[in-house]
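One file, my_file_26.txt, is given below (compact mmCIF, C-alpha atoms).
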# COMPACT_ATOMS: atom_id res chain seq x y z
CA MET A 17 4.43 5.29 -38.48
CA SER A 18 1.81 2.70 -37.73
CA TRP A 19 0.17 2.09 -34.38
CA ALA A 20 2.02 -0.61 -32.55
CA LYS A 21 -0.32 -3.28 -31.27
CA VAL A 22 -1.06 -2.70 -27.61
CA THR A 23 -0.30 -5.83 -25.61
CA ASP A 24 -0.15 -6.74 -21.92
CA ARG A 25 3.59 -6.13 -22.07
CA SER A 26 3.16 -2.60 -23.36
CA ILE A 27 0.53 -1.86 -20.69
CA GLU A 28 2.94 -3.15 -18.07
CA ARG A 29 5.74 -0.97 -19.42
CA MET A 30 3.45 2.06 -19.47
CA VAL A 31 2.26 1.45 -15.90
CA SER A 32 5.84 0.93 -14.77
CA VAL A 33 7.04 4.19 -16.33
CA LEU A 34 4.05 6.05 -14.86
CA LEU A 35 4.70 4.72 -11.36
CA ARG A 36 8.40 5.55 -11.54
CA THR A 37 7.70 9.07 -12.83
CA GLY A 38 5.08 9.73 -10.14
CA VAL A 39 7.31 8.47 -7.36
CA LEU A 40 10.40 10.37 -8.51
CA LEU A 41 8.43 13.57 -8.99
CA ALA A 42 6.73 13.30 -5.59
CA GLY A 43 10.03 12.33 -3.96
CA SER A 44 11.94 15.29 -5.43
CA VAL A 45 9.27 17.78 -4.35
CA VAL A 46 9.21 16.36 -0.80
CA LEU A 47 13.03 16.30 -0.69
CA ALA A 48 13.24 19.95 -1.76
CA GLY A 49 10.53 20.94 0.71
CA GLY A 50 12.22 18.89 3.43
CA ILE A 51 15.64 20.51 2.98
CA TYR A 52 14.01 23.92 2.99
CA TYR A 53 12.00 23.02 6.09
CA LEU A 54 15.05 21.76 7.99
CA ALA A 55 17.09 24.82 6.98
CA ARG A 56 14.44 27.06 8.48
CA HIS A 57 13.13 24.99 11.39
CA GLY A 58 15.84 22.34 11.97
CA ASN A 59 16.80 23.69 15.40
CA GLU A 60 13.28 24.05 16.67
CA ALA A 61 12.10 21.51 19.23
CA THR A 62 9.51 19.05 17.98
CA ASP A 63 6.50 17.96 19.95
CA TYR A 64 4.19 15.45 18.35
CA ARG A 65 2.98 13.96 21.64
CA THR A 66 -0.32 15.72 21.47
CA PHE A 67 -2.50 15.87 18.44
CA HIS A 68 -3.33 19.41 17.40
CA GLY A 69 -4.83 18.56 14.07
CA GLN A 70 -3.31 20.40 11.21
CA PRO A 71 -4.09 23.97 10.32
CA SER A 72 -6.74 23.97 7.62
CA VAL A 73 -4.06 25.22 5.21
CA ASP A 74 -2.54 21.74 5.44
CA ARG A 75 -5.77 19.88 4.82
CA ILE A 76 -7.32 21.32 1.73
CA VAL A 77 -5.89 20.66 -1.70
CA GLY A 78 -6.39 24.22 -2.95
CA GLU A 79 -4.68 25.73 0.08
CA ILE A 80 -1.77 23.32 -0.16
CA VAL A 81 -1.15 24.25 -3.78
CA ARG A 82 -1.41 27.96 -2.93
CA GLY A 83 1.03 27.57 -0.03
CA ALA A 84 3.46 25.64 -2.23
CA ILE A 85 3.41 28.42 -4.83
CA HIS A 86 4.25 30.88 -2.04
CA LEU A 87 7.17 28.61 -1.09
CA ARG A 88 5.83 27.69 2.29
CA ALA A 89 8.01 24.71 3.34
CA ARG A 90 5.18 22.66 4.88
CA SER A 91 2.96 23.22 1.85
CA ILE A 92 5.71 22.13 -0.54
CA ILE A 93 6.03 18.85 1.39
CA GLN A 94 2.23 18.46 1.43
CA PHE A 95 2.11 19.07 -2.30
CA GLY A 96 4.64 16.27 -2.81
CA ILE A 97 2.46 14.00 -0.64
CA LEU A 98 -0.54 14.84 -2.83
CA LEU A 99 1.49 13.83 -5.89
CA LEU A 100 2.32 10.55 -4.13
CA ILE A 101 -1.35 9.88 -3.34
CA ALA A 102 -2.30 10.70 -6.94
CA THR A 103 0.17 8.14 -8.33
CA PRO A 104 -1.82 4.91 -7.68
CA ILE A 105 -5.02 6.64 -8.79
CA ALA A 106 -3.36 7.72 -12.03
CA ARG A 107 -2.13 4.16 -12.39
CA VAL A 108 -5.71 2.87 -12.40
CA ALA A 109 -6.78 5.54 -14.91
CA PHE A 110 -3.81 4.73 -17.19
CA SER A 111 -4.57 1.00 -17.07
CA LEU A 112 -8.10 1.82 -18.19
CA VAL A 113 -6.72 3.56 -21.28
CA GLY A 114 -4.32 0.66 -21.86
CA PHE A 115 -7.03 -2.01 -21.70
CA ALA A 116 -9.23 0.09 -23.99
CA LEU A 117 -6.45 0.35 -26.58
CA GLU A 118 -5.85 -3.37 -26.27
CA GLY A 119 -9.56 -3.94 -26.88
CA ASP A 120 -10.02 -5.97 -23.71
CA ARG A 121 -13.63 -5.12 -22.83
CA LYS A 122 -13.75 -7.23 -19.68
CA TYR A 123 -10.87 -5.32 -18.18
CA VAL A 124 -12.16 -1.97 -19.35
CA ALA A 125 -15.27 -2.80 -17.31
CA ILE A 126 -13.33 -4.08 -14.29
CA THR A 127 -10.98 -1.09 -14.27
CA SER A 128 -13.87 1.37 -14.66
CA ILE A 129 -15.56 -0.15 -11.60
CA VAL A 130 -12.36 0.20 -9.56
CA LEU A 131 -11.87 3.79 -10.70
CA ALA A 132 -15.49 4.67 -9.88
CA ILE A 133 -15.26 3.17 -6.38
CA LEU A 134 -11.96 4.94 -5.84
CA LEU A 135 -13.30 8.33 -6.85
CA TYR A 136 -16.45 7.80 -4.77
CA SER A 137 -14.44 7.02 -1.64
CA LEU A 138 -12.09 9.96 -2.22
CA ILE A 139 -14.95 12.42 -2.60
CA SER A 140 -17.13 11.02 0.21
CA GLY A 141 -14.08 10.86 2.47
CA ALA A 142 -13.29 14.50 1.85
CA VAL A 143 -16.90 15.39 2.61
CA GLN A 144 -17.20 13.29 5.80
CA GLY A 145 -13.63 13.94 7.06
CA MET B 16 14.31 16.65 20.36
CA THR B 17 14.85 19.08 17.49
CA ALA B 18 13.58 18.57 13.96
CA ALA B 19 17.17 18.03 12.79
CA GLU B 20 17.47 15.07 15.21
CA PHE B 21 13.98 13.67 14.68
CA THR B 22 14.25 13.56 10.87
CA PRO B 23 17.27 11.20 10.45
CA ILE B 24 15.93 8.70 13.01
CA VAL B 25 12.61 8.48 11.20
CA LEU B 26 14.39 8.39 7.84
CA GLY B 27 16.45 5.35 8.89
CA ALA B 28 13.50 3.41 10.36
CA SER B 29 11.43 4.19 7.28
CA PHE B 30 14.15 2.93 4.95
CA LEU B 31 14.04 -0.42 6.75
CA ALA B 32 10.22 -0.35 6.66
CA GLY B 33 10.19 0.23 2.90
CA PHE B 34 12.79 -2.47 2.33
CA LEU B 35 10.89 -5.13 4.30
CA GLY B 36 7.49 -3.88 3.16
CA SER B 37 8.31 -4.18 -0.52
CA LEU B 38 9.64 -7.73 -0.14
CA THR B 39 6.72 -9.00 1.93
CA GLY B 40 3.85 -7.12 0.24
CA LEU B 41 2.89 -5.69 3.62
CA GLY B 42 3.56 -1.99 3.22
CA GLY B 43 5.71 -0.19 5.75
CA GLY B 44 3.19 0.65 8.45
CA VAL B 45 4.14 -2.36 10.59
CA ILE B 46 7.48 -0.74 11.40
CA VAL B 47 6.73 2.97 10.99
CA THR B 48 3.79 3.08 13.42
CA PRO B 49 5.48 1.46 16.46
CA VAL B 50 8.75 3.38 15.90
CA LEU B 51 6.85 6.66 15.89
CA THR B 52 4.49 5.89 18.78
CA LEU B 53 6.61 3.73 21.09
CA PHE B 54 10.11 5.15 20.58
CA LEU B 55 9.44 8.74 19.62
CA GLY B 56 6.22 9.32 21.54
CA VAL B 57 4.29 10.57 18.52
CA ASP B 58 0.50 10.75 18.87
CA LEU B 59 -1.20 7.72 17.28
CA ARG B 60 -3.17 9.87 14.85
CA TYR B 61 -0.03 11.41 13.37
CA ALA B 62 1.43 7.90 13.22
CA ILE B 63 -1.62 6.63 11.31
CA GLY B 64 -1.26 9.49 8.82
CA ALA B 65 2.44 8.68 8.40
CA SER B 66 1.63 5.01 8.00
CA LEU B 67 -0.79 5.81 5.18
CA VAL B 68 1.96 7.73 3.40
CA SER B 69 4.37 4.85 3.96
CA VAL B 70 1.99 2.30 2.45
CA ILE B 71 1.49 4.33 -0.73
CA ALA B 72 5.23 5.02 -0.97
CA THR B 73 6.17 1.34 -0.53
CA SER B 74 3.59 0.27 -3.06
CA SER B 75 4.45 2.74 -5.82
CA GLY B 76 8.21 2.69 -5.15
CA ALA B 77 8.54 -1.06 -5.62
CA ALA B 78 5.68 -1.62 -8.06
CA ALA B 79 7.45 0.13 -10.93
CA ALA B 80 10.09 -2.62 -10.89
CA TYR B 81 7.67 -5.45 -10.05
CA VAL B 82 5.31 -4.60 -12.89
CA ARG B 83 8.15 -4.21 -15.39
CA ASP B 84 9.66 -7.57 -14.40
CA GLY B 85 6.31 -9.36 -14.47
CA TYR B 86 6.09 -10.16 -10.74
CA SER B 87 2.98 -8.08 -10.16
CA ASN B 88 0.07 -9.51 -12.12
CA ILE B 89 -1.87 -6.39 -13.12
CA ARG B 90 -5.01 -8.32 -14.05
CA ILE B 91 -5.19 -10.20 -10.77
CA GLY B 92 -4.49 -6.93 -8.98
CA MET B 93 -7.11 -4.96 -10.86
CA PHE B 94 -9.80 -7.65 -10.56
CA LEU B 95 -9.27 -8.09 -6.82
CA GLU B 96 -9.16 -4.32 -6.25
CA ILE B 97 -12.92 -4.31 -6.87
CA ALA B 98 -13.26 -6.42 -3.73
CA THR B 99 -10.74 -4.50 -1.60
CA THR B 100 -12.05 -1.02 -2.43
CA LEU B 101 -15.70 -2.08 -1.94
CA GLY B 102 -14.68 -3.74 1.31
CA ALA B 103 -12.91 -0.57 2.47
CA ILE B 104 -16.06 1.49 1.95
CA PHE B 105 -18.18 -1.17 3.69
CA GLY B 106 -15.71 -1.22 6.59
CA ALA B 107 -15.80 2.54 7.00
CA PHE B 108 -19.61 2.38 6.85
CA ILE B 109 -20.08 -0.23 9.59
CA GLY B 110 -17.12 1.09 11.57
CA THR B 111 -19.24 3.04 14.02
CA HIS B 112 -21.26 -0.05 14.99
CA ILE B 113 -18.44 -2.45 15.67
CA PRO B 114 -16.19 -2.56 18.73
CA THR B 115 -12.76 -2.30 17.10
CA THR B 116 -10.98 -3.44 20.29
CA VAL B 117 -12.57 -6.90 20.17
CA LEU B 118 -12.10 -7.00 16.43
CA SER B 119 -8.40 -6.24 16.58
CA ILE B 120 -7.87 -9.04 19.12
CA ILE B 121 -9.75 -11.54 16.93
CA PHE B 122 -7.94 -10.37 13.81
CA GLY B 123 -4.60 -10.59 15.64
CA LEU B 124 -5.29 -14.21 16.57
CA ILE B 125 -6.31 -15.08 12.99
CA LEU B 126 -3.13 -13.46 11.71
CA LEU B 127 -0.95 -15.41 14.15
CA GLN B 128 -2.40 -18.65 12.82
CA ALA B 129 -2.06 -17.51 9.20
CA ALA B 130 1.55 -16.43 9.80
CA TRP B 131 2.38 -19.92 11.05
CA GLN B 132 0.71 -21.50 8.04
CA THR B 133 2.40 -19.23 5.51
CA SER B 134 5.84 -19.72 7.06
CA ARG B 135 5.90 -23.26 5.70
CA GLU B 136 6.05 -24.22 2.05
CA ARG B 137 2.53 -24.69 0.69
CA LYS B 138 1.59 -28.33 0.94
CA ARG B 139 0.58 -30.04 -2.24
CA GLY B 140 -2.72 -31.61 -1.21
CA LYS B 141 -3.37 -35.27 -1.86
CA LYS B 142 -6.11 -34.33 -4.25
CA PRO B 143 -4.83 -31.26 -6.09
CA VAL B 144 -7.51 -28.61 -6.51
CA PRO B 145 -8.21 -28.18 -10.24
CA PRO B 146 -7.49 -24.77 -11.78
CA ASP B 147 -10.46 -22.42 -11.62
CA PRO B 148 -12.16 -21.89 -15.01
CA LEU B 149 -12.82 -18.31 -13.86
CA GLY B 150 -9.07 -17.77 -13.95
CA GLU B 151 -9.15 -18.58 -17.65
CA THR B 152 -12.22 -16.41 -18.33
CA LEU B 153 -10.64 -13.44 -16.58
CA HIS B 154 -7.17 -14.00 -18.11
CA LEU B 155 -5.61 -14.28 -14.67
CA ASN B 156 -3.18 -17.08 -15.56
CA GLU B 157 0.30 -15.82 -16.35
CA ALA B 158 3.99 -16.61 -16.24
CA TYR B 159 6.78 -15.11 -14.19
CA MET B 160 10.56 -15.26 -14.10
CA THR B 161 12.23 -17.72 -11.75
CA PRO B 162 15.91 -18.72 -11.49
CA GLN B 163 14.89 -21.74 -13.61
CA GLY B 164 13.45 -19.52 -16.33
CA LEU B 165 9.93 -18.43 -17.17
CA GLU B 166 7.37 -20.43 -15.20
CA SER B 167 3.65 -20.30 -15.89
CA TYR B 168 1.04 -20.56 -13.17
CA VAL B 169 -2.71 -20.97 -12.93
CA VAL B 170 -4.96 -19.50 -10.27
CA HIS B 171 -7.31 -21.51 -8.07
CA ARG B 172 -10.46 -20.67 -6.09
CA VAL B 173 -11.01 -17.23 -7.57
CA LYS B 174 -14.31 -16.71 -5.69
CA ALA B 175 -12.76 -17.61 -2.33
CA GLY B 176 -9.89 -15.23 -3.06
CA PHE B 177 -12.31 -12.47 -4.02
CA ALA B 178 -14.30 -12.98 -0.80
CA LEU B 179 -11.13 -12.87 1.30
CA MET B 180 -10.10 -9.68 -0.46
CA PHE B 181 -13.44 -8.13 0.44
CA GLY B 182 -12.66 -9.09 4.04
CA ALA B 183 -9.21 -7.57 3.75
CA GLY B 184 -10.69 -4.33 2.44
CA THR B 185 -13.32 -4.27 5.19
CA LEU B 186 -10.67 -4.66 7.87
CA SER B 187 -8.57 -1.90 6.38
CA GLY B 188 -11.63 0.36 6.43
CA LEU B 189 -12.45 -0.65 10.03
CA LEU B 190 -9.02 -0.69 11.58
CA GLY B 191 -7.22 1.73 9.32
CA ILE B 192 -4.54 -0.75 8.36
CA GLY B 193 -3.17 -1.63 4.94
CA SER B 194 -4.15 -5.30 5.33
CA GLY B 195 -1.42 -6.42 2.94
CA SER B 196 -1.12 -9.45 5.20
CA LEU B 197 -4.58 -10.75 4.30
CA LYS B 198 -4.01 -9.97 0.63
CA VAL B 199 -0.84 -12.06 0.49
CA ILE B 200 -2.47 -14.87 2.47
CA ALA B 201 -5.55 -14.90 0.21
CA MET B 202 -3.44 -15.12 -2.95
CA ASP B 203 -0.91 -17.58 -1.57
CA GLN B 204 -3.12 -19.92 0.45
CA ALA B 205 -6.53 -19.75 -1.29
CA MET B 206 -5.67 -18.93 -4.89
CA GLN B 207 -2.35 -20.81 -4.85
CA ILE B 208 -0.49 -18.11 -6.71
CA PRO B 209 3.34 -18.35 -6.50
CA PHE B 210 4.59 -16.59 -3.36
CA LYS B 211 6.66 -13.92 -5.10
CA VAL B 212 3.76 -13.08 -7.40
CA SER B 213 1.46 -12.91 -4.35
CA THR B 214 3.68 -10.48 -2.44
CA ALA B 215 4.44 -8.35 -5.51
CA THR B 216 0.76 -8.19 -6.50
CA SER B 217 -0.26 -7.35 -2.94
CA ASN B 218 2.41 -4.64 -2.97
CA PHE B 219 0.92 -3.36 -6.22
CA MET B 220 -2.61 -3.28 -4.72
CA ILE B 221 -2.07 -1.76 -1.27
CA GLY B 222 -1.30 1.67 -2.74
CA VAL B 223 -4.76 1.86 -4.30
CA THR B 224 -6.52 0.69 -1.12
CA ALA B 225 -4.58 3.28 0.88
CA ALA B 226 -5.14 6.07 -1.63
CA ALA B 227 -8.89 5.41 -1.38
CA SER B 228 -8.86 6.49 2.27
CA ALA B 229 -6.30 9.29 1.86
CA SER B 230 -8.85 12.08 1.71
CA VAL B 231 -10.30 11.09 5.09
CA TYR B 232 -6.92 11.22 6.78
CA LEU B 233 -5.91 14.43 5.05
CA SER B 234 -9.10 16.26 5.92
CA ARG B 235 -8.91 15.10 9.55
CA GLY B 236 -5.43 16.57 9.72
CA TYR B 237 -3.60 13.30 10.47
CA VAL B 238 -0.90 13.91 7.86
CA ASN B 239 1.73 16.12 9.49
CA PRO B 240 4.23 17.23 6.81
CA ALA B 241 7.20 17.34 9.20
CA ILE B 242 6.65 13.67 10.11
CA ALA B 243 5.49 12.46 6.70
CA MET B 244 8.54 13.97 4.95
CA PRO B 245 11.25 11.64 6.38
CA VAL B 246 8.79 8.72 6.32
CA MET B 247 8.08 9.12 2.64
CA LEU B 248 11.70 9.68 1.58
CA GLY B 249 12.98 6.78 3.69
CA VAL B 250 10.28 4.36 2.60
CA LEU B 251 10.63 5.26 -1.09
CA SER B 252 14.36 4.58 -1.17
CA GLY B 253 13.95 1.45 0.97
CA SER B 254 11.27 -0.02 -1.25
CA MET B 255 13.19 0.70 -4.46
CA MET B 256 16.15 -1.09 -2.90
CA GLY B 257 13.96 -3.99 -1.75
CA ALA B 258 12.53 -4.44 -5.24
CA ARG B 259 16.04 -5.18 -6.54
CA PHE B 260 16.36 -8.09 -4.11
CA LEU B 261 13.08 -9.93 -4.72
CA ALA B 262 14.36 -11.90 -7.73
CA ARG B 263 17.46 -13.08 -5.89
CA LEU B 264 15.99 -14.12 -2.55
CA PRO B 265 14.82 -17.71 -2.04
CA VAL B 266 11.09 -18.20 -1.46
CA THR B 267 11.63 -20.11 1.80
CA LEU B 268 13.45 -17.11 3.28
CA LEU B 269 10.79 -14.69 2.04
CA ARG B 270 8.08 -16.84 3.60
CA ARG B 271 9.88 -16.81 6.96
CA VAL B 272 10.43 -13.05 6.90
CA PHE B 273 6.78 -12.53 5.94
CA ALA B 274 5.58 -14.80 8.77
CA LEU B 275 7.82 -13.07 11.30
CA VAL B 276 6.64 -9.57 10.37
CA VAL B 277 2.99 -10.68 10.35
CA ALA B 278 3.41 -12.35 13.74
CA VAL B 279 4.87 -9.13 15.20
CA MET B 280 1.99 -7.20 13.69
CA ALA B 281 -0.54 -9.69 15.13
CA ILE B 282 0.92 -9.34 18.61
CA GLU B 283 0.83 -5.54 18.28
CA MET B 284 -2.85 -5.76 17.38
CA ILE B 285 -3.72 -8.10 20.24
CA PHE B 286 -1.96 -5.81 22.73
CA SER B 287 -3.49 -2.62 21.45
CA GLY B 288 -6.90 -4.31 21.41
CA ALA B 289 -6.43 -5.56 24.95
CA LYS B 290 -5.29 -2.09 26.06
CA GLY B 291 -8.63 -0.84 24.89
CA GLY B 292 -8.43 0.99 21.69
CA LEU B 293 -6.58 1.72 18.52
So, in terms of structure tokens, how does the structure I just supplied come out?
Amino acid sequence: MSWAKVTDRSIERMVSVLLRTGVLLAGSVVLAGGIYYLARHGNEATDYRTFHGQPSVDRIVGEIVRGAIHLRARSIIQFGILLLIATPIARVAFSLVGFALEGDRKYVAITSIVLAILLYSLISGAVQG
Amino acid sequence: MTAAEFTPIVLGASFLAGFLGSLTGLGGGVIVTPVLTLFLGVDLRYAIGASLVSVIATSSGAAAAYVRDGYSNIRIGMFLEIATTLGAIFGAFIGTHIPTTVLSIIFGLILLQAAWQTSRERKRGKKPVPPDPLGETLHLNEAYMTPQGLESYVVHRVKAGFALMFGAGTLSGLLGIGSGSLKVIAMDQAMQIPFKVSTATSNFMIGVTAAASASVYLSRGYVNPAIAMPVMLGVLSGSMMGARFLARLPVTLLRRVFALVVAVMAIEMIFSGAKGGL
């Protein structure tokens, strides 16, 4: 088998498949967590009028993953949301690989800049929060 | 209201938000935020967190189809994302020094004017602006599918578009909005990119801009899972549905829907600015 030439079309197909996979994965996790949540808390009264912040368990990636493993309904939903947030970031990273395989140096540079800015704002945002 | 009653209402509104958001390139926040705050009495901070989730969901849900079908131009999107992400950081940086109430009124007025302009078919100027050589250098010129077959297009005024995108990013950092409106307007009006390509490329970009600020909202505790759950599921299905309609809908209708949604958003901004705070 020889390497197929990477073209814009193949990058587009790759990005499209990645986005669909990310969205379906995130959606299924949130759906499962949502059904579980409603089964347990569906009859409880909601009150979102006042902002309580979220317990720190719901704010830190490590804690969310831990809660999801312990089948905590809210953490499962949060984990799905993390997957959703990761999807566009993974899209940028995948495009970088695609442009590199295509040998398009200009767009390798452009995509690297975007990825760097993105990672900077994610990290600084988590620090400032 | 119990969670079992709250969830389906939000699910329905979010479906509509995703549907309209994917067709207009605006994200779903325009509908999700007022439904949550005005009708369901949800605190604005939870609504902002939900709106962030809805923007990413709209973007990724529809973009899979738009990229595959060649509506989203990934090079234009990637190149302009430098400007929007830098702008977003700049906006967050100067945010503490700028009165956002005044800003949201000014931005609302600008948007009203832009909505009116975009609602009409782009006028072919008497002296057509020549294609920008930068568009060639950066491989931004492409072709997309229309009912009449594949149609190629060239981009204009790349620098002006880039500058507007920086402005769009700054505003999203300052006001916490997706600013898909400015993205579409910059591509349609300044760069003269076909309208469907403009909305689909904006739709493709807003997810990245929103993801850039996700960690701030998460760590401040704005993202409540019980609210975000129906928002995300509704918006995802709505935007996937919307993406199936883009090819079939006439551009004149899309322009009108876009203008209407932007006008509503502009009025929301002017009111909230006048009321004294986002």
Fewer than 3 positions away in the same chain doesn't count, so skip those; otherwise give me all residues within 8 Å of stretch 173-186 of chain B, counting only C-alpha atoms, as a ChimeraX atom specification.
/B:95-96,98-107,147,149-150,170,189-192,194-195,197-198,201-202,205-206,224
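The residue that comes closest to chain B, out of A:Gly49, A:Gly78, A:Gly119, A:Gly114 and on the basis of all atoms listed in the file, is A:Gly49.
If all atoms listed in the file are the atoms counted, then among B:Glu20, B:Glu166, B:Asp58, B:Asp84 the closest residue to chain A is B:Asp58.
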Counting all atoms listed in the file, chain B residues within 8 Å of chain A, as a PyMOL selection string:
chain B and resi 16-19+21+56-58+60-61+68+71-72+75-76+78-80+82-83+85+89-90+93-94+96-97+100-101+104+153+222-223+226-241+244-245+247-248+251
Compile the contact shell of stretch 120-135 of chain B as JSON, numbers by chain: residues with an atom at most 9 Å away, counting all atoms listed in the file, same-chain residues fewer than 3 positions apart removed.
{"B": [115, 116, 117, 138, 186, 196, 197, 200, 203, 204, 267, 268, 269, 270, 271, 272, 273, 274, 275, 276, 277, 278, 279, 280, 281, 282, 283, 284, 285, 286, 287, 288, 289]}
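Interatomic distance, atom CA of B:Gly291 against atom CA of B:Ala65: 22.0 Å.
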Can you sort out the box for stretch 84-103 of chain B, edges along x, y and z, all listed atoms in, 5 Å on every side, with centre and edge lengths in Å to one decimal, as AutoDock Vina command-line options?
--center_x -3.0 --center_y -5.4 --center_z -6.0 --size_x 35.4 --size_y 19.6 --size_z 26.9
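Atom CA of B:Gly40 to atom CA of B:Arg172 spans 20.7 Å [interatomic distance, one decimal].
Taking atom CA of B:Met256 and atom CA of B:Ser74 as endpoints, the distance between them is 12.6 Å.
The list of residues with at least one atom within 7 Å of A:Val124, based on all atoms listed in the file and without residues fewer than 4 positions apart in the same chain, reads A:Leu112, A:Phe115, A:Ala116, A:Asp120, A:Ser128.
Across B:Asn156, B:Ser29, B:Asn88, B:Ser66, the tightest approach to B:Thr48 is made by B:Ser66 when counting only C-alpha atoms.
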Using the incomplete input, complete stretch 114-131 of chain B to the level of N, CA and C atoms; output as a PDB file, in the coordinates of the input.
ATOM      1  N   PRO B 114     -17.263  -2.851  17.773  1.00  0.00           N
ATOM      2  CA  PRO B 114     -16.190  -2.560  18.730  1.00  0.00           C
ATOM      3  C   PRO B 114     -14.827  -2.958  18.156  1.00  0.00           C
ATOM      4  N   THR B 115     -14.015  -1.980  17.774  1.00  0.00           N
ATOM      5  CA  THR B 115     -12.760  -2.300  17.100  1.00  0.00           C
ATOM      6  C   THR B 115     -11.765  -2.974  18.034  1.00  0.00           C
ATOM      7  N   THR B 116     -11.940  -2.804  19.373  1.00  0.00           N
ATOM      8  CA  THR B 116     -10.980  -3.440  20.290  1.00  0.00           C
ATOM      9  C   THR B 116     -11.101  -4.952  20.207  1.00  0.00           C
ATOM     10  N   VAL B 117     -12.339  -5.457  20.268  1.00  0.00           N
ATOM     11  CA  VAL B 117     -12.570  -6.900  20.170  1.00  0.00           C
ATOM     12  C   VAL B 117     -12.081  -7.398  18.810  1.00  0.00           C
ATOM     13  N   LEU B 118     -12.441  -6.621  17.795  1.00  0.00           N
ATOM     14  CA  LEU B 118     -12.100  -7.000  16.430  1.00  0.00           C
ATOM     15  C   LEU B 118     -10.597  -7.127  16.253  1.00  0.00           C
ATOM     16  N   SER B 119      -9.838  -6.186  16.817  1.00  0.00           N
ATOM     17  CA  SER B 119      -8.400  -6.240  16.580  1.00  0.00           C
ATOM     18  C   SER B 119      -7.773  -7.430  17.316  1.00  0.00           C
ATOM     19  N   ILE B 120      -8.375  -7.841  18.441  1.00  0.00           N
ATOM     20  CA  ILE B 120      -7.870  -9.040  19.120  1.00  0.00           C
ATOM     21  C   ILE B 120      -8.147 -10.279  18.263  1.00  0.00           C
ATOM     22  N   ILE B 121      -9.379 -10.388  17.758  1.00  0.00           N
ATOM     23  CA  ILE B 121      -9.750 -11.540  16.930  1.00  0.00           C
ATOM     24  C   ILE B 121      -8.874 -11.588  15.677  1.00  0.00           C
ATOM     25  N   PHE B 122      -8.734 -10.435  15.032  1.00  0.00           N
ATOM     26  CA  PHE B 122      -7.940 -10.370  13.810  1.00  0.00           C
ATOM     27  C   PHE B 122      -6.479 -10.725  14.100  1.00  0.00           C
ATOM     28  N   GLY B 123      -5.973 -10.263  15.240  1.00  0.00           N
ATOM     29  CA  GLY B 123      -4.600 -10.590  15.640  1.00  0.00           C
ATOM     30  C   GLY B 123      -4.408 -12.090  15.766  1.00  0.00           C
ATOM     31  N   LEU B 124      -5.389 -12.757  16.385  1.00  0.00           N
ATOM     32  CA  LEU B 124      -5.290 -14.210  16.570  1.00  0.00           C
ATOM     33  C   LEU B 124      -5.336 -14.933  15.215  1.00  0.00           C
ATOM     34  N   ILE B 125      -6.231 -14.472  14.326  1.00  0.00           N
ATOM     35  CA  ILE B 125      -6.310 -15.080  12.990  1.00  0.00           C
ATOM     36  C   ILE B 125      -4.971 -14.926  12.274  1.00  0.00           C
ATOM     37  N   LEU B 126      -4.397 -13.725  12.389  1.00  0.00           N
ATOM     38  CA  LEU B 126      -3.130 -13.460  11.710  1.00  0.00           C
ATOM     39  C   LEU B 126      -2.001 -14.336  12.240  1.00  0.00           C
ATOM     40  N   LEU B 127      -1.987 -14.566  13.561  1.00  0.00           N
ATOM     41  CA  LEU B 127      -0.950 -15.410  14.150  1.00  0.00           C
ATOM     42  C   LEU B 127      -0.997 -16.799  13.518  1.00  0.00           C
ATOM     43  N   GLN B 128      -2.221 -17.324  13.394  1.00  0.00           N
ATOM     44  CA  GLN B 128      -2.400 -18.650  12.820  1.00  0.00           C
ATOM     45  C   GLN B 128      -1.957 -18.652  11.348  1.00  0.00           C
ATOM     46  N   ALA B 129      -2.380 -17.597  10.630  1.00  0.00           N
ATOM     47  CA  ALA B 129      -2.060 -17.510   9.200  1.00  0.00           C
ATOM     48  C   ALA B 129      -0.551 -17.358   8.999  1.00  0.00           C
ATOM     49  N   ALA B 130       0.108 -16.625   9.902  1.00  0.00           N
ATOM     50  CA  ALA B 130       1.550 -16.430   9.800  1.00  0.00           C
ATOM     51  C   ALA B 130       2.257 -17.778   9.904  1.00  0.00           C
ATOM     52  N   TRP B 131       1.803 -18.590  10.864  1.00  0.00           N
ATOM     53  CA  TRP B 131       2.380 -19.920  11.050  1.00  0.00           C
ATOM     54  C   TRP B 131       2.207 -20.763   9.798  1.00  0.00           C
TER      55      TRP B 131
END
